[in-house]
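Asks: The structure file my_file_38.tsv (TSV, N, CA and C atoms) is provided below.
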```
chain	number	residue	atom	x	y	z
A	840	GLN	N	74.82	91.86	141.74
A	840	GLN	CA	75.79	91.61	140.68
A	840	GLN	C	77.07	91.06	141.31
A	841	VAL	N	77.55	89.95	140.77
A	841	VAL	CA	78.74	89.31	141.31
A	841	VAL	C	79.98	90.03	140.80
A	842	ALA	N	80.92	90.24	141.70
A	842	ALA	CA	82.19	90.84	141.33
A	842	ALA	C	83.31	90.20	142.12
A	843	LEU	N	84.41	89.93	141.43
A	843	LEU	CA	85.64	89.45	142.06
A	843	LEU	C	86.73	90.45	141.70
A	844	VAL	N	87.41	90.97	142.70
A	844	VAL	CA	88.42	92.00	142.45
A	844	VAL	C	89.74	91.55	143.05
A	845	GLU	N	90.74	91.39	142.18
A	845	GLU	CA	92.07	90.99	142.63
A	845	GLU	C	92.92	92.23	142.92
A	846	SER	N	93.84	92.07	143.84
A	846	SER	CA	94.81	93.14	144.13
A	846	SER	C	96.06	92.50	144.71
A	847	GLY	N	97.11	93.30	144.81
A	847	GLY	CA	98.34	92.84	145.45
A	847	GLY	C	99.46	92.49	144.49
A	848	GLY	N	99.20	92.58	143.19
A	848	GLY	CA	100.24	92.27	142.23
A	848	GLY	C	101.25	93.40	142.14
A	849	GLY	N	102.20	93.22	141.23
A	849	GLY	CA	103.21	94.24	141.04
A	849	GLY	C	104.51	93.65	140.54
A	850	LEU	N	105.57	94.43	140.72
A	850	LEU	CA	106.90	94.02	140.28
A	850	LEU	C	107.72	93.60	141.50
A	851	VAL	N	108.35	92.45	141.40
A	851	VAL	CA	109.16	91.94	142.51
A	851	VAL	C	110.37	91.22	141.93
A	852	GLN	N	111.45	91.22	142.69
A	852	GLN	CA	112.64	90.50	142.25
A	852	GLN	C	112.50	89.00	142.51
A	853	ALA	N	113.22	88.23	141.74
A	853	ALA	CA	113.23	86.78	141.96
A	853	ALA	C	113.64	86.48	143.39
A	854	GLY	N	112.93	85.53	143.99
A	854	GLY	CA	113.17	85.19	145.38
A	854	GLY	C	112.29	85.95	146.36
A	855	GLY	N	111.61	86.96	145.86
A	855	GLY	CA	110.75	87.78	146.71
A	855	GLY	C	109.38	87.16	146.91
A	856	SER	N	108.52	87.93	147.58
A	856	SER	CA	107.18	87.46	147.92
A	856	SER	C	106.13	88.50	147.57
A	857	LEU	N	104.94	88.01	147.32
A	857	LEU	CA	103.77	88.87	147.11
A	857	LEU	C	102.56	88.13	147.67
A	858	ARG	N	101.57	88.90	148.10
A	858	ARG	CA	100.30	88.28	148.49
A	858	ARG	C	99.19	88.89	147.66
A	859	LEU	N	98.53	88.05	146.89
A	859	LEU	CA	97.38	88.48	146.12
A	859	LEU	C	96.11	88.31	146.96
A	860	SER	N	95.18	89.22	146.77
A	860	SER	CA	93.88	89.14	147.42
A	860	SER	C	92.79	89.12	146.36
A	861	CYS	N	91.73	88.42	146.64
A	861	CYS	CA	90.55	88.40	145.77
A	861	CYS	C	89.34	88.65	146.65
A	862	VAL	N	88.74	89.81	146.49
A	862	VAL	CA	87.58	90.18	147.29
A	862	VAL	C	86.32	89.96	146.47
A	863	ALA	N	85.37	89.24	147.04
A	863	ALA	CA	84.14	88.92	146.33
A	863	ALA	C	82.97	89.72	146.88
A	864	SER	N	82.03	90.02	146.01
A	864	SER	CA	80.79	90.67	146.41
A	864	SER	C	79.66	90.16	145.53
A	865	GLY	N	78.43	90.29	146.06
A	865	GLY	CA	77.27	89.89	145.28
A	865	GLY	C	76.98	88.40	145.28
A	866	LEU	N	77.64	87.64	146.16
A	866	LEU	CA	77.37	86.22	146.26
A	866	LEU	C	77.57	85.77	147.71
A	867	THR	N	77.00	84.61	148.01
A	867	THR	CA	77.18	84.04	149.36
A	867	THR	C	78.53	83.35	149.36
A	868	PHE	N	79.55	84.12	149.67
A	868	PHE	CA	80.93	83.72	149.42
A	868	PHE	C	81.29	82.41	150.10
A	869	SER	N	80.77	82.18	151.29
A	869	SER	CA	81.18	80.99	152.04
A	869	SER	C	80.73	79.69	151.39
A	870	TYR	N	79.88	79.79	150.36
A	870	TYR	CA	79.43	78.60	149.65
A	870	TYR	C	80.05	78.48	148.26
A	871	TYR	N	81.12	79.21	148.03
A	871	TYR	CA	81.76	79.19	146.73
A	871	TYR	C	83.18	78.65	146.82
A	872	ALA	N	83.51	77.72	145.93
A	872	ALA	CA	84.89	77.31	145.75
A	872	ALA	C	85.60	78.40	144.95
A	873	VAL	N	86.87	78.58	145.23
A	873	VAL	CA	87.64	79.63	144.56
A	873	VAL	C	88.95	79.06	144.02
A	874	GLY	N	89.27	79.47	142.82
A	874	GLY	CA	90.52	79.06	142.22
A	874	GLY	C	91.33	80.26	141.77
A	875	TRP	N	92.63	80.06	141.70
A	875	TRP	CA	93.54	81.05	141.10
A	875	TRP	C	94.12	80.45	139.83
A	876	PHE	N	94.15	81.26	138.80
A	876	PHE	CA	94.74	80.88	137.52
A	876	PHE	C	95.70	81.98	137.10
A	877	ARG	N	96.55	81.67	136.16
A	877	ARG	CA	97.45	82.70	135.62
A	877	ARG	C	97.61	82.49	134.12
A	878	GLN	N	97.92	83.59	133.47
A	878	GLN	CA	98.10	83.55	132.02
A	878	GLN	C	99.26	84.44	131.65
A	879	ALA	N	100.27	83.83	131.06
A	879	ALA	CA	101.42	84.57	130.55
A	879	ALA	C	101.17	84.91	129.09
A	880	PRO	N	101.86	85.92	128.58
A	880	PRO	CA	101.65	86.31	127.18
A	880	PRO	C	101.88	85.15	126.23
A	881	GLY	N	100.92	84.93	125.34
A	881	GLY	CA	101.06	83.88	124.33
A	881	GLY	C	100.80	82.49	124.84
A	882	LYS	N	100.39	82.36	126.10
A	882	LYS	CA	100.14	81.04	126.66
A	882	LYS	C	98.69	80.91	127.12
A	883	GLU	N	98.27	79.66	127.31
A	883	GLU	CA	96.91	79.41	127.79
A	883	GLU	C	96.81	79.70	129.28
A	884	ARG	N	95.59	79.92	129.71
A	884	ARG	CA	95.35	80.13	131.14
A	884	ARG	C	95.69	78.84	131.89
A	885	GLN	N	96.41	78.98	132.97
A	885	GLN	CA	96.98	77.84	133.70
A	885	GLN	C	96.49	77.82	135.13
A	886	PHE	N	96.12	76.65	135.60
A	886	PHE	CA	95.70	76.50	136.99
A	886	PHE	C	96.86	76.73	137.94
A	887	VAL	N	96.58	77.42	139.04
A	887	VAL	CA	97.59	77.67	140.08
A	887	VAL	C	97.20	77.00	141.39
A	888	SER	N	96.00	77.30	141.87
A	888	SER	CA	95.59	76.78	143.17
A	888	SER	C	94.08	76.89	143.32
A	889	ALA	N	93.50	76.11	144.24
A	889	ALA	CA	92.08	76.18	144.50
A	889	ALA	C	91.82	75.85	145.97
A	890	ILE	N	90.70	76.36	146.46
A	890	ILE	CA	90.34	76.15	147.86
A	890	ILE	C	88.85	75.90	147.96
A	891	SER	N	88.46	75.00	148.87
A	891	SER	CA	87.06	74.64	149.03
A	891	SER	C	86.32	75.70	149.85
A	892	TRP	N	85.01	75.49	149.99
A	892	TRP	CA	84.16	76.46	150.67
A	892	TRP	C	84.72	76.90	152.02
A	893	ARG	N	85.07	75.93	152.85
A	893	ARG	CA	85.49	76.26	154.20
A	893	ARG	C	87.01	76.27	154.34
A	894	GLY	N	87.70	76.06	153.23
A	894	GLY	CA	89.16	76.07	153.29
A	894	GLY	C	89.77	74.76	153.73
A	895	CYS	N	88.95	73.72	153.85
A	895	CYS	CA	89.47	72.44	154.33
A	895	CYS	C	90.29	71.71	153.28
A	896	SER	N	89.97	71.96	152.03
A	896	SER	CA	90.68	71.30	150.93
A	896	SER	C	91.36	72.36	150.07
A	897	THR	N	92.62	72.11	149.77
A	897	THR	CA	93.38	73.00	148.90
A	897	THR	C	94.13	72.18	147.85
A	898	TYR	N	94.34	72.78	146.71
A	898	TYR	CA	95.03	72.12	145.61
A	898	TYR	C	96.03	73.09	145.00
A	899	TYR	N	97.12	72.53	144.51
A	899	TYR	CA	98.17	73.36	143.91
A	899	TYR	C	98.70	72.72	142.64
A	900	ALA	N	99.08	73.56	141.70
A	900	ALA	CA	99.83	73.07	140.55
A	900	ALA	C	101.21	72.66	141.02
A	901	ASP	N	101.77	71.67	140.37
A	901	ASP	CA	103.10	71.18	140.76
A	901	ASP	C	104.14	72.30	140.72
A	902	SER	N	103.96	73.22	139.79
A	902	SER	CA	104.95	74.28	139.60
A	902	SER	C	105.00	75.27	140.76
A	903	VAL	N	103.96	75.30	141.59
A	903	VAL	CA	103.93	76.27	142.69
A	903	VAL	C	103.87	75.60	144.05
A	904	LYS	N	103.76	74.29	144.07
A	904	LYS	CA	103.64	73.56	145.33
A	904	LYS	C	104.86	73.82	146.21
A	905	GLY	N	104.61	74.14	147.47
A	905	GLY	CA	105.70	74.44	148.39
A	905	GLY	C	106.12	75.89	148.40
A	906	ARG	N	105.67	76.66	147.41
A	906	ARG	CA	106.02	78.09	147.34
A	906	ARG	C	104.81	78.98	147.54
A	907	PHE	N	103.65	78.53	147.07
A	907	PHE	CA	102.42	79.32	147.16
A	907	PHE	C	101.49	78.70	148.20
A	908	THR	N	100.72	79.55	148.88
A	908	THR	CA	99.73	79.08	149.84
A	908	THR	C	98.43	79.82	149.62
A	909	ILE	N	97.36	79.07	149.46
A	909	ILE	CA	96.03	79.66	149.30
A	909	ILE	C	95.31	79.60	150.64
A	910	SER	N	94.54	80.63	150.93
A	910	SER	CA	93.75	80.67	152.16
A	910	SER	C	92.53	81.55	151.92
A	911	ARG	N	91.59	81.50	152.85
A	911	ARG	CA	90.40	82.33	152.69
A	911	ARG	C	89.90	82.79	154.04
A	912	ASP	N	89.25	83.94	154.02
A	912	ASP	CA	88.60	84.50	155.20
A	912	ASP	C	87.17	84.79	154.77
A	913	ASN	N	86.26	83.89	155.08
A	913	ASN	CA	84.88	84.05	154.61
A	913	ASN	C	84.20	85.27	155.23
A	914	ALA	N	84.58	85.65	156.43
A	914	ALA	CA	84.00	86.84	157.05
A	914	ALA	C	84.35	88.10	156.26
A	915	LYS	N	85.49	88.07	155.60
A	915	LYS	CA	85.92	89.21	154.78
A	915	LYS	C	85.67	88.97	153.29
A	916	THR	N	85.03	87.88	152.97
A	916	THR	CA	84.76	87.46	151.57
A	916	THR	C	86.02	87.61	150.71
A	917	THR	N	87.12	87.11	151.25
A	917	THR	CA	88.40	87.29	150.59
A	917	THR	C	89.17	85.97	150.53
A	918	VAL	N	89.81	85.73	149.41
A	918	VAL	CA	90.74	84.63	149.25
A	918	VAL	C	92.11	85.21	148.98
A	919	TYR	N	93.12	84.61	149.59
A	919	TYR	CA	94.49	85.09	149.45
A	919	TYR	C	95.35	84.04	148.73
A	920	LEU	N	96.36	84.54	148.06
A	920	LEU	CA	97.39	83.66	147.49
A	920	LEU	C	98.74	84.23	147.90
A	921	GLN	N	99.35	83.60	148.89
A	921	GLN	CA	100.68	84.01	149.33
A	921	GLN	C	101.70	83.34	148.43
A	922	LYS	N	102.54	84.17	147.83
A	922	LYS	CA	103.51	83.65	146.87
A	922	LYS	C	104.92	83.95	147.36
A	923	ASN	N	105.67	82.92	147.67
A	923	ASN	CA	107.04	83.06	148.14
A	923	ASN	C	108.02	82.47	147.12
A	924	SER	N	109.27	82.81	147.29
A	924	SER	CA	110.33	82.28	146.41
A	924	SER	C	109.95	82.44	144.94
A	925	LEU	N	109.52	83.62	144.59
A	925	LEU	CA	109.03	83.86	143.24
A	925	LEU	C	110.14	83.71	142.20
A	926	LYS	N	109.74	83.21	141.04
A	926	LYS	CA	110.65	82.98	139.94
A	926	LYS	C	110.19	83.80	138.73
A	927	PRO	N	111.10	84.12	137.82
A	927	PRO	CA	110.67	84.85	136.61
A	927	PRO	C	109.55	84.13	135.85
A	928	GLU	N	109.53	82.82	135.89
A	928	GLU	CA	108.47	82.09	135.20
A	928	GLU	C	107.10	82.20	135.87
A	929	ASP	N	107.05	82.82	137.03
A	929	ASP	CA	105.76	83.11	137.68
A	929	ASP	C	105.12	84.39	137.13
A	930	THR	N	105.83	85.08	136.26
A	930	THR	CA	105.30	86.30	135.66
A	930	THR	C	104.07	85.98	134.83
A	931	ALA	N	102.97	86.66	135.13
A	931	ALA	CA	101.70	86.41	134.43
A	931	ALA	C	100.65	87.36	134.98
A	932	VAL	N	99.51	87.37	134.31
A	932	VAL	CA	98.32	87.99	134.89
A	932	VAL	C	97.62	86.90	135.72
A	933	TYR	N	97.34	87.21	136.96
A	933	TYR	CA	96.71	86.26	137.86
A	933	TYR	C	95.22	86.59	138.00
A	934	TYR	N	94.40	85.56	137.89
A	934	TYR	CA	92.96	85.71	137.97
A	934	TYR	C	92.41	84.84	139.11
A	935	CYS	N	91.43	85.37	139.82
A	935	CYS	CA	90.68	84.50	140.72
A	935	CYS	C	89.34	84.18	140.07
A	936	ALA	N	88.82	83.02	140.42
A	936	ALA	CA	87.57	82.55	139.85
A	936	ALA	C	86.77	81.84	140.94
A	937	ALA	N	85.46	81.85	140.80
A	937	ALA	CA	84.60	81.25	141.82
A	937	ALA	C	83.48	80.44	141.19
A	938	ASP	N	83.05	79.41	141.91
A	938	ASP	CA	81.91	78.62	141.47
A	938	ASP	C	81.18	78.09	142.69
A	939	SER	N	79.84	78.00	142.56
A	939	SER	CA	79.02	77.58	143.69
A	939	SER	C	79.04	76.08	143.93
A	940	ARG	N	79.58	75.32	143.00
A	940	ARG	CA	79.64	73.87	143.19
A	940	ARG	C	80.87	73.49	144.01
A	941	PRO	N	80.78	72.41	144.77
A	941	PRO	CA	81.94	71.98	145.57
A	941	PRO	C	83.12	71.58	144.69
A	942	LEU	N	84.32	71.71	145.23
A	942	LEU	CA	85.51	71.28	144.51
A	942	LEU	C	85.47	69.78	144.21
A	943	SER	N	84.74	69.03	145.03
A	943	SER	CA	84.65	67.59	144.80
A	943	SER	C	83.81	67.27	143.56
A	944	VAL	N	83.06	68.26	143.09
A	944	VAL	CA	82.19	68.04	141.93
A	944	VAL	C	82.84	68.56	140.65
A	945	ILE	N	83.47	69.72	140.74
A	945	ILE	CA	84.06	70.30	139.54
A	945	ILE	C	85.49	69.81	139.35
A	946	ASN	N	86.01	70.07	138.17
A	946	ASN	CA	87.44	69.85	137.92
A	946	ASN	C	88.13	71.15	138.30
A	947	HIS	N	88.73	71.19	139.48
A	947	HIS	CA	89.23	72.45	140.03
A	947	HIS	C	90.33	73.08	139.17
A	948	SER	N	90.96	72.31	138.30
A	948	SER	CA	92.03	72.86	137.47
A	948	SER	C	91.54	73.28	136.08
A	949	ASN	N	90.24	73.12	135.82
A	949	ASN	CA	89.69	73.47	134.51
A	949	ASN	C	89.04	74.85	134.61
A	950	PRO	N	89.57	75.84	133.93
A	950	PRO	CA	88.99	77.19	134.03
A	950	PRO	C	87.53	77.25	133.58
A	951	HIS	N	87.13	76.33	132.71
A	951	HIS	CA	85.75	76.35	132.20
A	951	HIS	C	84.75	75.91	133.26
A	952	ASP	N	85.22	75.36	134.36
A	952	ASP	CA	84.33	74.91	135.43
A	952	ASP	C	84.02	76.01	136.44
A	953	TYR	N	84.51	77.20	136.23
A	953	TYR	CA	84.26	78.32	137.14
A	953	TYR	C	83.32	79.32	136.48
A	954	SER	N	82.37	79.81	137.24
A	954	SER	CA	81.33	80.68	136.68
A	954	SER	C	81.70	82.16	136.69
A	955	TYR	N	82.46	82.56	137.68
A	955	TYR	CA	82.74	83.99	137.85
A	955	TYR	C	84.26	84.23	137.87
A	956	TRP	N	84.66	85.36	137.27
A	956	TRP	CA	86.07	85.67	137.15
A	956	TRP	C	86.34	87.12	137.53
A	957	GLY	N	87.53	87.33	138.08
A	957	GLY	CA	88.00	88.69	138.30
A	957	GLY	C	88.62	89.24	137.03
A	958	GLN	N	89.06	90.47	137.11
A	958	GLN	CA	89.60	91.16	135.94
A	958	GLN	C	91.07	90.87	135.70
A	959	GLY	N	91.73	90.28	136.69
A	959	GLY	CA	93.14	89.94	136.55
A	959	GLY	C	94.05	90.97	137.19
A	960	ASN	N	95.21	90.51	137.60
A	960	ASN	CA	96.19	91.36	138.28
A	960	ASN	C	97.59	90.94	137.83
A	961	GLN	N	98.35	91.90	137.34
A	961	GLN	CA	99.68	91.59	136.78
A	961	GLN	C	100.71	91.35	137.88
A	962	VAL	N	101.45	90.27	137.73
A	962	VAL	CA	102.60	89.99	138.59
A	962	VAL	C	103.81	89.83	137.68
A	963	THR	N	104.84	90.61	137.95
A	963	THR	CA	106.07	90.54	137.17
A	963	THR	C	107.24	90.25	138.09
A	964	VAL	N	107.97	89.19	137.78
A	964	VAL	CA	109.13	88.80	138.60
A	964	VAL	C	110.39	89.00	137.76
A	965	SER	N	111.24	89.87	138.23
A	965	SER	CA	112.48	90.18	137.50
A	965	SER	C	113.60	89.27	137.98
A	966	SER	N	114.49	88.95	137.06
A	966	SER	CA	115.61	88.07	137.40
A	966	SER	C	116.82	88.85	137.91
```
Output the structure of this file as structure tokens.
Replies:
Amino acid sequence: QVALVESGGGLVQAGGSLRLSCVASGLTFSYYAVGWFRQAPGKERQFVSAISWRGCSTYYADSVKGRFTISRDNAKTTVYLQKNSLKPEDTAVYYCAADSRPLSVINHSNPHDYSYWGQGNQVTVSS
């Protein structure tokens, strides 16, 4: 059974940092592309970042470029999202998602292109 479990969220002041982790089980993780999405109350799920199987290709939403960094450790079946210079508008529930198809095949920013999802992790940035 496939499971993605996010952790590392919480409450932080504007300008602070957090690192989210997404631990995968039940799949051959090194062959899965992984994306991070976020959803604020009353808004649609929004693409944040994505990383290819081996971590060679990464993508970021314009709103987080230069502040967030995605990385992965396939030996630990874990993907990380390092978030620096956090802003109140980064407040949302953050989800990781995975798909067995390469990022070159899927639309990495489309949540419907991912097969598996975590349960979400709340990040709140206070001003």
Asks: Range 864-881 of chain A: which residues within 8 Å, counting only C-alpha atoms, same-chain residues fewer than 3 positions away excluded, as a PyMOL selection string?
Replies: chain A and resi 840-843+884-893+913+916+918+920+930-942+947-948+950
Asks: Per DSSP on the backbone, what are the strand (DSSP E or B) residues of chain A, as a ChimeraX atom specification?
Replies: /A:842-846,849-852,857-864,872-878,885-890,897-899,907-912,917-922,931-938,955-956,960-965
Asks: Report the distance between CA of Lys882 in chain A and CA of Leu857 in chain A in Å, rounded to one decimal place.
Replies: 22.2 Å
Asks: Considering all atoms listed in the file, return as number ranges by chain whatever protein or nucleic-acid residues lie within 6.5 Å of Ser924 in chain A, sequence-local ones (same chain, fewer than 5 positions apart) excluded.
Replies: A: 853-856, 906
Asks: Limited to N, CA and C atoms, could you put the picked residues into a file as a short mmCIF file (atom, residue, chain, number, x, y, z; two decimals), keeping the file's coordinate frame?
Replies:
```
data_model
loop_
_atom_site.label_atom_id
_atom_site.label_comp_id
_atom_site.auth_asym_id
_atom_site.auth_seq_id
_atom_site.Cartn_x
_atom_site.Cartn_y
_atom_site.Cartn_z
N ALA A 853 113.22 88.23 141.74
CA ALA A 853 113.23 86.78 141.96
C ALA A 853 113.64 86.48 143.39
N GLY A 854 112.93 85.53 143.99
CA GLY A 854 113.17 85.19 145.38
C GLY A 854 112.29 85.95 146.36
N GLY A 855 111.61 86.96 145.86
CA GLY A 855 110.75 87.78 146.71
C GLY A 855 109.38 87.16 146.91
N SER A 856 108.52 87.93 147.58
CA SER A 856 107.18 87.46 147.92
C SER A 856 106.13 88.50 147.57
N ARG A 906 105.67 76.66 147.41
CA ARG A 906 106.02 78.09 147.34
C ARG A 906 104.81 78.98 147.54
#
```
Asks: Is it possible to get the axis-aligned box enclosing range 864-878 of chain A (all listed atoms, 3 Å extra per side) as AutoDock Vina command-line options, with centre and edge lengths in Å rounded to one decimal?
Replies:
```
--center_x 88.1 --center_y 84.0 --center_z 141.8 --size_x 28.3 --size_y 19.4 --size_z 26.4
```
Asks: Distance atom N of Gln921 in chain A-atom C of Ser860 in chain A, one decimal place?
Replies: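 Separation of atom N of Gln921 in chain A and atom C of Ser860 in chain A: 8.9 Å.
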Asks: Using only N, CA and C atoms, which of A:His951, A:Leu925, A:Glu883, A:Ser943 sits nearest Val964 in chain A?
Replies: A:Leu925
Asks: So what do you get for CA of Asn960 in chain A versus CA of Ile945 in chain A, distance-wise?
Replies: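 Interatomic distance here is 24.3 Å.
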Asks: Out of A:Thr963, A:Asn923, A:Asn946, A:Val862, which residue has the shortest atom-to-atom distance to Arg911 in chain A when counting only C-alpha atoms?
Replies: A:Val862
Asks: When distances are computed from only N, CA and C atoms, which of A:Phe907, A:Cys895, A:Asp901, A:Gly959 shows the smallest separation from Ser846 in chain A?
Replies: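 Under the stated criterion, the closest residue is A:Gly959.
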Asks: For the structure I just gave you, how does DSSP split range 864-946 of chain A - specifically, which residues are helix (DSSP H, G or I)? Reply as a VMD selection string.
Replies: chain A and resid 868 to 870 913 to 915 927 to 929
Asks: Between A:Ser966, A:Val944, A:Thr917, A:Asn949, which is the closest to Gln852 in chain A once you count all atoms listed in the file?
Replies: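 Ranked by minimum distance to Gln852 in chain A, first place goes to A:Ser966.
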